[in-house]
Protein chains: 2
Amino acid sequence: MSRDTGFLGDRRALAKALTRVENGEFDGLQDLAAESASWLIGITGPPGAGKSTLTSALVTELRKSGKRVAVLAVDPSSPFSGGALLGDRIRMRSHRDDPDVFIRSMSARGHLGGLSVATADAARVLAAAGFDYVIAETVGVGQSEVEVASVADATLLVLAPGMGDAVQAVKAGVMEIADIFVVNKADSDGAGRLVTDIRGMLRSGVVDEGAWAPSVVRTVAPEGTGVAELLELVERHRRHLDDSGELGRRQRARALFRVRQAAEELSDRAVAQWLAGSQAEVDSVLGLLLTDRLSSRQAAERVLRAMIASGEPRAPAAGVTHP
Amino acid sequence: MSRDTGFLGDRRALAKALTRVENGEFDGLQDLAAESASWLIGITGPPGAGKSTLTSALVTELRKSGKRVAVLAVDPSSPFSGGALLGDRIRMRSHRDDPDVFIRSMSARGHLGGLSVATADAARVLAAAGFDYVIAETVGVGQSEVEVASVADATLLVLAPGMGDAVQAVKAGVMEIADIFVVNKADSDGAGRLVTDIRGMLRSGVVDEGAWAPSVVRTVAPEGTGVAELLELVERHRRHLDDSGELGRRQRARALFRVRQAAEELSDRAVAQWLAGSQAEVDSVLGLLLTDRLSSRQAAERVLRAMIASGEPRAPAAGVTHP
C-alpha cells in the first residue's frame with residue numbers, strides 16, 4: 001500500500017474496525033491518517049435494475065487504472081444479513097482475491113443515527129485505510145435508501161427498461177438526489193424511451209445557475225459497455241464540485257446531517273431510558289392520557305419537564321464511549 | 001345523537017377539531033365527555049386486497065344495527081392528500097349522506113409523534129363525539145402502517161388470493177400484529193390455499209395460554225359475504241380482551257407508545273432547533289468531524305453537552321401549545 005494507513009493496513013483489522021462502526025463502538029478515527037482523498041459513490045435504484053452487476057463493472061474499470069476500491073452493500077431491510085453475503089455473489093467473486101478490493105455488507109445494529117450515518121462513518125474509515133473509491137450500493141428504493149445515497153459524494157440512480165414505467169415507479173424524492181442517471185441494460189427494448197423519459201423529467205426540473213446538471217449515461221453492465229463513460233462522468237462531476245466550491249458545502253451539509261441524526265437518537269434513547277426507569281411518574285401521566293385529560297403532546301411535555309427536572313438527559317462525560 | 005358530545009355534536013366543528021389534531025394544535029380533549037366506548041378497528045394489507053371495499057361493507061353492516069361509524073383513511077406516503085379524496089371514492093358514496101357515518105382522510109402535518117399517534121388522538125376525539133366504531137384504514141404495508149395498526153383495539157390484516165404468494169409478500173412484523181386475518185375475494189381461485197397458508201403460519205407461531213389466538217375469516221366484500229361473521233369475530237375478540245384483562249394492558253402499552261413517540265419528537269425538535277441557532281458551536285464540531293477527529297457519535301455527544309449546558313431542551317411551560 002502506498003499510504004500510511006496505520007492499524008487499518010491489515011485487512012482483518014479493517015474488518016474489525018468496520019464491525020465496531022456498525023455496532024456504534026468505534027471511536028478510533030482520530031488515530032487514523034488524516035489524508036483521505038477517497039470518493040464515496042452511492043448507487044441506488046429499483047430491484048432488477050442491475051445495481052450489483054454495475055457495481056462489479058465499476059470495480060473492474062477502476063482497477064484498470066490501479067485504483068483501490070471498497071464496496072459496501074447496504075440493505076436497510078435486513079440489518080442482520082452479516083458480512084458474508086455480498087462477497088459470495090457470483091459477480092463479485094472475480095474481485096474477491098484482489099488485495100486492492102474490499103467487499104463488505106453493511107448493517108447498523110447499534111450505530112447512532114442509523115444506516116446512513118454508519119455508512120458515512122464506514123466510508124471515512126475506508127478512506128483512511130487508503131481506498132481511493134468507496135462504492136455504497138443500496139438495496140431497494142425507499143426513504144432509508146435515499147438517506148444512504150444522500151451521504152455520498154456522487155449519487156448514481158440506476159434504472160433499466162422493461163420494468164414498466166421506471167421513471168414513475170421510482171418514489172418521489174429519489175429522482176431529486178441523483179447526480180447521474182444510469183440507464184442499464186441499454187441493449188434492451190425500451191432503453192431509448194427510458195432515456196427520453198428521464199431527459200424530459202430533467203428538463204422540467206429547474207437547475208440553479210452554476211449547479212451540476214444531472215445527466216444520463218447508458219450501460220450494459222455485464223459487458224462493461226458504457227462503464228468507462230460512466231466513470232468519466234463521475235470524474236467530471238467530481239471536478240465540478242471541486243471547482244464550484246459545491247464540494248465544501250455538500251460535505252458540511254452531510255456532516256451536519258450525521259451530527260443531527262446521531263444527536264437526535266442520543267436524546268431519544270435518554271427519553272426511552274427515563275420512561276423505563278420512572279414508573280410512578282409514567283403511571284400518573286398515562287392515567288391522565290387514558291382518561292383524555294391530556295393530549296399526546298401535553299403528556300409528552302409533562303414527561304420532558306419531569307425528565308429535565310430529574311437531571312436527564314445527562315451530559316455524556318467526555319471519553320465515555322457507550323452512552 | 002344519544003350522547004352529550006359537547007362542541008363535537010356539530011359535524012363541521014368535529015372536522016375542525018380533527019384538522020387541529022393533524023396540525024398538532026388540538027389540546028381540547030379535557031373538555032370532552034369522558035364517556036367513550038368507541039372501538040378502534042385498524043385495517044391494513046397490501047394494495048389490491050380490497051381494503052376500501054371491505055371498510056365500506058363493514059360500515060354497511062354496522063349501520064344495520066344502528067351503530068355510528070367513523071372512517072379514517074390513513075396514507076403515510078402522501079401526507080398532503082387532504083380530506084376530500086376518501087369521501088369521493090365510489091364505494092364510500094353510499095355512506096356520504098348518512099349523518100351517522102363520518103368519513104375523513106388523515107394526515108399528520110404537524111402532529112407530534114407522527115401518523116400513528118395522530119390517528120390514536122383522532123380516534124379519541126371521534127369516540128368523544130359519540131362514534132361507536134372508528135375504522136382506520138391504512139394504505140400499503142410498511143413500517144408506518146404497522147405502527148398505525150398497532151394503536152388500534154383490533155387489527156385486521158386483509159389479504160386476497162391471486163396476488164402471488166400473499167403471505168410471503170407481507171413484510172415481517174405485519175403478520176405478528178394481526179388479531180384477525182381476512183381473506184377477501186374469497187370467491188376467487190386460490191382462496192382456499194391462502195387460508196391454508198395463513199393457518200399454517202399461525203400454527204407455527206406460539207400463542208401464550210389465555211392470549212387471543214388470531215383467526216381467519218373469508219369475505220367477498222362487494223357482496224357483503226362474510227362481513228357479519230367478521231364483525232362477530234371482532235366482537236368476540238373485544239370480549240376476550242375485556243374478560244382477560246388484556247384490554248387494560250393493551251391500552252396502557254398504546255398510551256406509553258403515544259407518549260414516547262411524542263416526547264422523542266419534542267426532544268428531536270429541540271436538537272434541530274439548537275443546531276440551527278448555534279452557528280459557532282456547530283462550526284467547531286463540524287470542523288472536527290470533517291477532519292476525522294471525531295466520530296459521528298462523539299460529535300453528537302459534544303452537541304448534547306453544549307445544548308444542555310446552554311439550558312436546552314427548555315422545559316416547555318405548562319399551557320404552551322406550540323413548542
# chains A, B, ... in the order shown; residues from 1 in each chain; ligands from 1
>>> residues_around(residues="Gly192 of chain A", least_positions_apart="2", cutoff="12 Å", atoms="only C-alpha atoms", output="list of chain:residue names")
A:Ala160, A:Pro161, A:Gly162, A:Val183, A:Asn184, A:Lys185, A:Ala186, A:Asp187, A:Ser188, A:Asp189, A:Gly190, A:Leu194, A:Val195, A:Thr196, A:Asp197, A:Ile198, A:Arg199, A:Val216, A:Val217, A:Arg218, A:Thr219
>>> residues_around(residues="segment 237-253 of chain A", least_positions_apart="5", cutoff="12 Å", atoms="only C-alpha atoms", output="ChimeraX atom specification")
/A:37-41,120,150-156,178-180,209-215,230-232,258-260 /B:282-291
>>> write_last_selection(atoms="N, CA and C atoms", output="CSV table (one decimal), in the first residue's frame")
chain,number,residue,atom,x,y,z
A,37,ALA,N,-8.3,11.0,0.4
A,37,ALA,CA,-8.8,11.5,-0.9
A,37,ALA,C,-9.9,10.6,-1.5
A,38,SER,N,-10.5,9.8,-0.6
A,38,SER,CA,-11.5,8.8,-1.1
A,38,SER,C,-12.7,9.5,-1.6
A,39,TRP,N,-13.4,8.9,-2.6
A,39,TRP,CA,-14.6,9.4,-3.2
A,39,TRP,C,-15.7,8.4,-3.0
A,40,LEU,N,-16.8,8.8,-2.3
A,40,LEU,CA,-17.9,7.9,-2.0
A,40,LEU,C,-19.0,8.0,-3.0
A,41,ILE,N,-19.1,6.9,-3.8
A,41,ILE,CA,-20.2,6.8,-4.8
A,41,ILE,C,-21.4,6.0,-4.2
A,120,ALA,N,-21.6,6.6,6.2
A,120,ALA,CA,-20.7,7.7,6.1
A,120,ALA,C,-19.5,7.5,7.0
A,150,SER,N,-27.8,10.0,0.2
A,150,SER,CA,-27.6,11.4,0.4
A,150,SER,C,-26.3,11.7,1.1
A,151,VAL,N,-25.6,10.7,1.7
A,151,VAL,CA,-24.3,10.9,2.3
A,151,VAL,C,-23.2,10.7,1.3
A,152,ALA,N,-23.5,10.3,0.1
A,152,ALA,CA,-22.4,10.0,-0.9
A,152,ALA,C,-21.9,11.3,-1.5
A,153,ASP,N,-20.7,11.2,-2.1
A,153,ASP,CA,-20.2,12.4,-2.8
A,153,ASP,C,-20.9,12.5,-4.2
A,154,ALA,N,-21.1,11.3,-4.8
A,154,ALA,CA,-21.8,11.2,-6.1
A,154,ALA,C,-22.9,10.2,-5.9
A,155,THR,N,-24.1,10.5,-6.3
A,155,THR,CA,-25.2,9.6,-6.2
A,155,THR,C,-25.7,9.1,-7.6
A,156,LEU,N,-25.6,7.8,-7.9
A,156,LEU,CA,-26.0,7.2,-9.1
A,156,LEU,C,-27.3,6.6,-9.0
A,178,ALA,N,-30.3,12.3,-7.4
A,178,ALA,CA,-29.4,11.7,-8.3
A,178,ALA,C,-28.5,12.7,-9.0
A,179,ASP,N,-27.2,12.5,-9.0
A,179,ASP,CA,-26.3,13.3,-9.7
A,179,ASP,C,-26.1,12.8,-11.2
A,180,ILE,N,-26.2,11.4,-11.3
A,180,ILE,CA,-26.0,10.8,-12.6
A,180,ILE,C,-27.1,9.7,-12.7
A,209,GLU,N,-28.2,28.2,-11.7
A,209,GLU,CA,-27.0,28.5,-12.5
A,209,GLU,C,-25.7,28.1,-11.8
A,210,GLY,N,-24.9,27.5,-12.5
A,210,GLY,CA,-23.6,27.0,-11.9
A,210,GLY,C,-23.7,25.7,-11.2
A,211,ALA,N,-24.9,25.2,-10.9
A,211,ALA,CA,-25.1,23.9,-10.2
A,211,ALA,C,-24.9,22.8,-11.2
A,212,TRP,N,-24.6,21.6,-10.7
A,212,TRP,CA,-24.4,20.4,-11.5
A,212,TRP,C,-25.8,20.1,-12.2
A,213,ALA,N,-25.8,19.9,-13.5
A,213,ALA,CA,-27.0,19.4,-14.2
A,213,ALA,C,-26.9,17.9,-14.3
A,214,PRO,N,-27.8,17.2,-13.7
A,214,PRO,CA,-27.7,15.7,-13.7
A,214,PRO,C,-27.8,15.2,-15.2
A,215,SER,N,-27.0,14.2,-15.5
A,215,SER,CA,-27.0,13.7,-16.9
A,215,SER,C,-27.3,12.2,-16.9
A,230,LEU,N,-19.3,6.2,-17.9
A,230,LEU,CA,-19.9,6.5,-16.6
A,230,LEU,C,-18.9,7.0,-15.7
A,231,LEU,N,-17.7,6.4,-15.6
A,231,LEU,CA,-16.6,6.8,-14.7
A,231,LEU,C,-16.1,8.2,-15.1
A,232,GLU,N,-16.1,8.4,-16.4
A,232,GLU,CA,-15.7,9.7,-16.9
A,232,GLU,C,-16.6,10.8,-16.3
A,258,ARG,N,-25.1,14.0,9.7
A,258,ARG,CA,-24.6,12.9,10.6
A,258,ARG,C,-24.7,13.3,12.1
A,259,VAL,N,-24.4,14.6,12.4
A,259,VAL,CA,-24.4,15.0,13.8
A,259,VAL,C,-25.9,15.1,14.3
A,260,ARG,N,-26.8,15.6,13.4
A,260,ARG,CA,-28.1,15.8,13.9
A,260,ARG,C,-28.8,14.4,14.1
B,282,VAL,N,-21.6,24.8,16.3
B,282,VAL,CA,-21.8,23.8,15.3
B,282,VAL,C,-20.6,23.8,14.3
B,283,ASP,N,-20.2,25.0,13.9
B,283,ASP,CA,-19.0,25.0,13.1
B,283,ASP,C,-17.8,24.3,13.7
B,284,SER,N,-17.6,24.5,15.0
B,284,SER,CA,-16.5,23.9,15.6
B,284,SER,C,-16.6,22.4,15.6
B,285,VAL,N,-17.8,21.9,15.9
B,285,VAL,CA,-18.0,20.4,15.9
B,285,VAL,C,-17.8,19.8,14.5
B,286,LEU,N,-18.4,20.5,13.5
B,286,LEU,CA,-18.3,20.0,12.1
B,286,LEU,C,-16.9,20.0,11.6
B,287,GLY,N,-16.1,21.0,12.0
B,287,GLY,CA,-14.7,21.1,11.6
B,287,GLY,C,-14.0,19.8,12.1
B,288,LEU,N,-14.3,19.4,13.4
B,288,LEU,CA,-13.6,18.2,14.0
B,288,LEU,C,-14.1,17.0,13.3
B,289,LEU,N,-15.4,16.9,12.9
B,289,LEU,CA,-16.0,15.7,12.3
B,289,LEU,C,-15.4,15.6,10.9
B,290,LEU,N,-15.3,16.7,10.1
B,290,LEU,CA,-14.8,16.7,8.8
B,290,LEU,C,-13.3,16.3,8.7
B,291,THR,N,-12.6,16.5,9.7
B,291,THR,CA,-11.2,16.1,9.7
B,291,THR,C,-10.9,14.8,10.5
>>> atom_distance(atom1="atom CA of Val71 of chain B", atom2="atom CA of Phe102 of chain B")
6.2 Å
>>> closest_residue(among="B:Glu22, B:Asp98, B:Glu137, B:Asp132", to="Leu115 of chain B", atoms="only C-alpha atoms")
B:Glu22
>>> closest_residue(among="B:Arg104, B:Arg20, B:Arg236, B:Arg96", to="chain A", atoms="only C-alpha atoms")
B:Arg20
>>> closest_residue(among="B:Leu233, B:Ile135, B:Val59, B:Ala118", to="Ser94 of chain B", atoms="only C-alpha atoms")
B:Val59
>>> closest_residue(among="A:Ser52, A:Asn23, A:Val182, A:Leu304", to="Ala272 of chain A", atoms="only C-alpha atoms")
A:Leu304
>>> residues_around(residues="Lys51 of chain B", least_positions_apart="5", cutoff="12 Å", atoms="only C-alpha atoms", output="VMD selection string")
chain B and resid 42 to 46 56 to 58 73 to 74 91 to 92 135 to 141 156 to 160 182 to 185 219 to 222
>>> residues_around(residues="Trp274 of chain B", least_positions_apart="5", cutoff="12 Å", atoms="only C-alpha atoms", output="ChimeraX atom specification")
/A:260,263-264 /B:267-269,279-282,303-314
>>> closest_residue(among="B:Asp10, B:Glu235, B:Glu223, B:Asp292", to="chain A", atoms="only C-alpha atoms")
B:Asp292
>>> closest_residue(among="B:Pro99, B:Pro47, B:Gly200, B:Gly24", to="Ser295 of chain A", atoms="only C-alpha atoms")
B:Gly24
>>> select_by_dssp(residues="segment 117-297 of chain A", states="helix (DSSP H, G or I)", output="compact mmCIF listing (two decimals) with C-alpha atoms, in the first residue's frame")
# COMPACT_ATOMS: atom_id res chain seq x y z
CA VAL A 117 -24.64 7.71 9.32
CA ALA A 118 -22.96 4.30 9.76
CA THR A 119 -22.24 4.21 6.03
CA ALA A 120 -20.74 7.69 6.13
CA ASP A 121 -18.58 6.74 9.14
CA ALA A 122 -17.51 3.47 7.49
CA ALA A 123 -16.55 5.36 4.34
CA ARG A 124 -14.30 7.61 6.43
CA VAL A 125 -12.58 4.53 7.88
CA LEU A 126 -12.13 3.05 4.41
CA ALA A 127 -10.77 6.35 3.12
CA ALA A 128 -8.25 6.40 5.95
CA GLN A 143 -36.63 6.54 2.45
CA SER A 144 -33.59 4.80 4.03
CA GLU A 145 -32.01 4.28 0.63
CA VAL A 146 -32.47 7.95 -0.17
CA GLU A 147 -30.77 8.82 3.10
CA VAL A 148 -27.87 6.47 2.42
CA ALA A 149 -27.49 7.93 -1.06
CA SER A 150 -27.57 11.41 0.40
CA ALA A 166 -39.44 3.02 -14.38
CA VAL A 167 -39.47 6.78 -14.01
CA GLN A 168 -42.93 6.67 -12.43
CA ALA A 169 -42.02 3.67 -10.30
CA MET A 175 -35.02 11.43 -8.64
CA GLU A 176 -34.03 14.66 -6.90
CA ILE A 177 -30.94 13.22 -5.22
CA ALA A 191 -33.82 1.85 -23.44
CA GLY A 192 -34.15 4.80 -25.80
CA ARG A 193 -37.58 5.59 -24.47
CA LEU A 194 -36.34 5.45 -20.90
CA VAL A 195 -33.51 7.88 -21.70
CA THR A 196 -36.05 10.21 -23.32
CA ASP A 197 -38.35 9.97 -20.28
CA ILE A 198 -35.53 10.80 -17.87
CA ARG A 199 -34.34 13.72 -20.01
CA GLY A 200 -37.90 15.00 -20.18
CA MET A 201 -38.17 14.84 -16.43
CA LEU A 202 -34.80 16.56 -16.02
CA ARG A 203 -35.79 19.36 -18.38
CA SER A 204 -38.89 20.04 -16.31
CA ALA A 221 -23.02 -3.74 -17.20
CA PRO A 222 -22.21 -7.45 -17.83
CA GLU A 223 -20.17 -6.47 -20.91
CA VAL A 227 -18.81 1.93 -17.84
CA ALA A 228 -15.74 3.94 -18.85
CA GLU A 229 -18.07 6.74 -19.94
CA LEU A 230 -19.90 6.49 -16.63
CA LEU A 231 -16.64 6.81 -14.71
CA GLU A 232 -15.67 9.75 -16.86
CA LEU A 233 -18.94 11.38 -15.89
CA VAL A 234 -18.25 10.60 -12.21
CA GLU A 235 -14.89 12.37 -12.57
CA ARG A 236 -16.41 15.33 -14.39
CA HIS A 237 -18.98 15.63 -11.58
CA ARG A 238 -16.16 15.48 -9.03
CA ARG A 239 -14.23 18.24 -10.75
CA HIS A 240 -17.38 20.32 -10.95
CA LEU A 241 -17.96 20.00 -7.20
CA ASP A 242 -14.31 20.85 -6.56
CA ASP A 243 -14.17 23.86 -8.86
CA SER A 244 -17.51 25.35 -7.91
CA GLU A 246 -20.07 22.93 -4.02
CA LEU A 247 -17.97 20.10 -2.52
CA GLY A 248 -17.32 22.03 0.69
CA ARG A 249 -20.99 22.92 1.02
CA ARG A 250 -22.03 19.31 0.44
CA GLN A 251 -19.52 17.98 2.92
CA ARG A 252 -20.69 20.43 5.55
CA ALA A 253 -24.35 19.54 4.94
CA ARG A 254 -23.54 15.84 5.20
CA ALA A 255 -21.56 16.32 8.41
CA LEU A 256 -24.45 18.30 9.88
CA PHE A 257 -26.84 15.51 8.87
CA ARG A 258 -24.62 12.94 10.61
CA VAL A 259 -24.43 15.00 13.80
CA ARG A 260 -28.14 15.76 13.86
CA GLN A 261 -29.16 12.16 13.27
CA ALA A 262 -26.83 10.91 16.00
CA ALA A 263 -27.77 13.66 18.48
CA GLU A 264 -31.49 13.05 17.95
CA GLU A 265 -31.00 9.36 18.56
CA LEU A 266 -28.98 10.01 21.72
CA SER A 267 -31.78 12.19 23.07
CA ASP A 268 -34.41 9.61 22.00
CA ARG A 269 -32.51 6.99 23.97
CA ALA A 270 -32.47 9.27 27.00
CA VAL A 271 -36.27 9.66 26.76
CA ALA A 272 -36.83 5.90 26.43
CA GLN A 273 -34.47 5.25 29.32
CA TRP A 274 -36.18 7.79 31.55
CA LEU A 275 -39.63 6.35 30.73
CA ALA A 276 -38.42 2.84 31.54
CA GLY A 277 -36.99 3.92 34.88
CA GLN A 279 -42.62 4.01 36.95
CA ALA A 280 -44.55 6.36 39.27
CA GLU A 281 -44.31 9.46 37.07
CA VAL A 282 -45.15 7.43 33.97
CA ASP A 283 -48.20 5.82 35.59
CA SER A 284 -49.51 9.23 36.56
CA VAL A 285 -49.13 10.64 33.02
CA LEU A 286 -50.64 7.52 31.39
CA GLY A 287 -53.61 7.72 33.75
CA LEU A 288 -54.31 11.27 32.55
CA LEU A 289 -53.81 10.32 28.90
CA LEU A 290 -56.11 7.30 29.13
CA SER A 296 -50.37 13.04 23.48
CA ARG A 297 -48.40 16.24 23.21
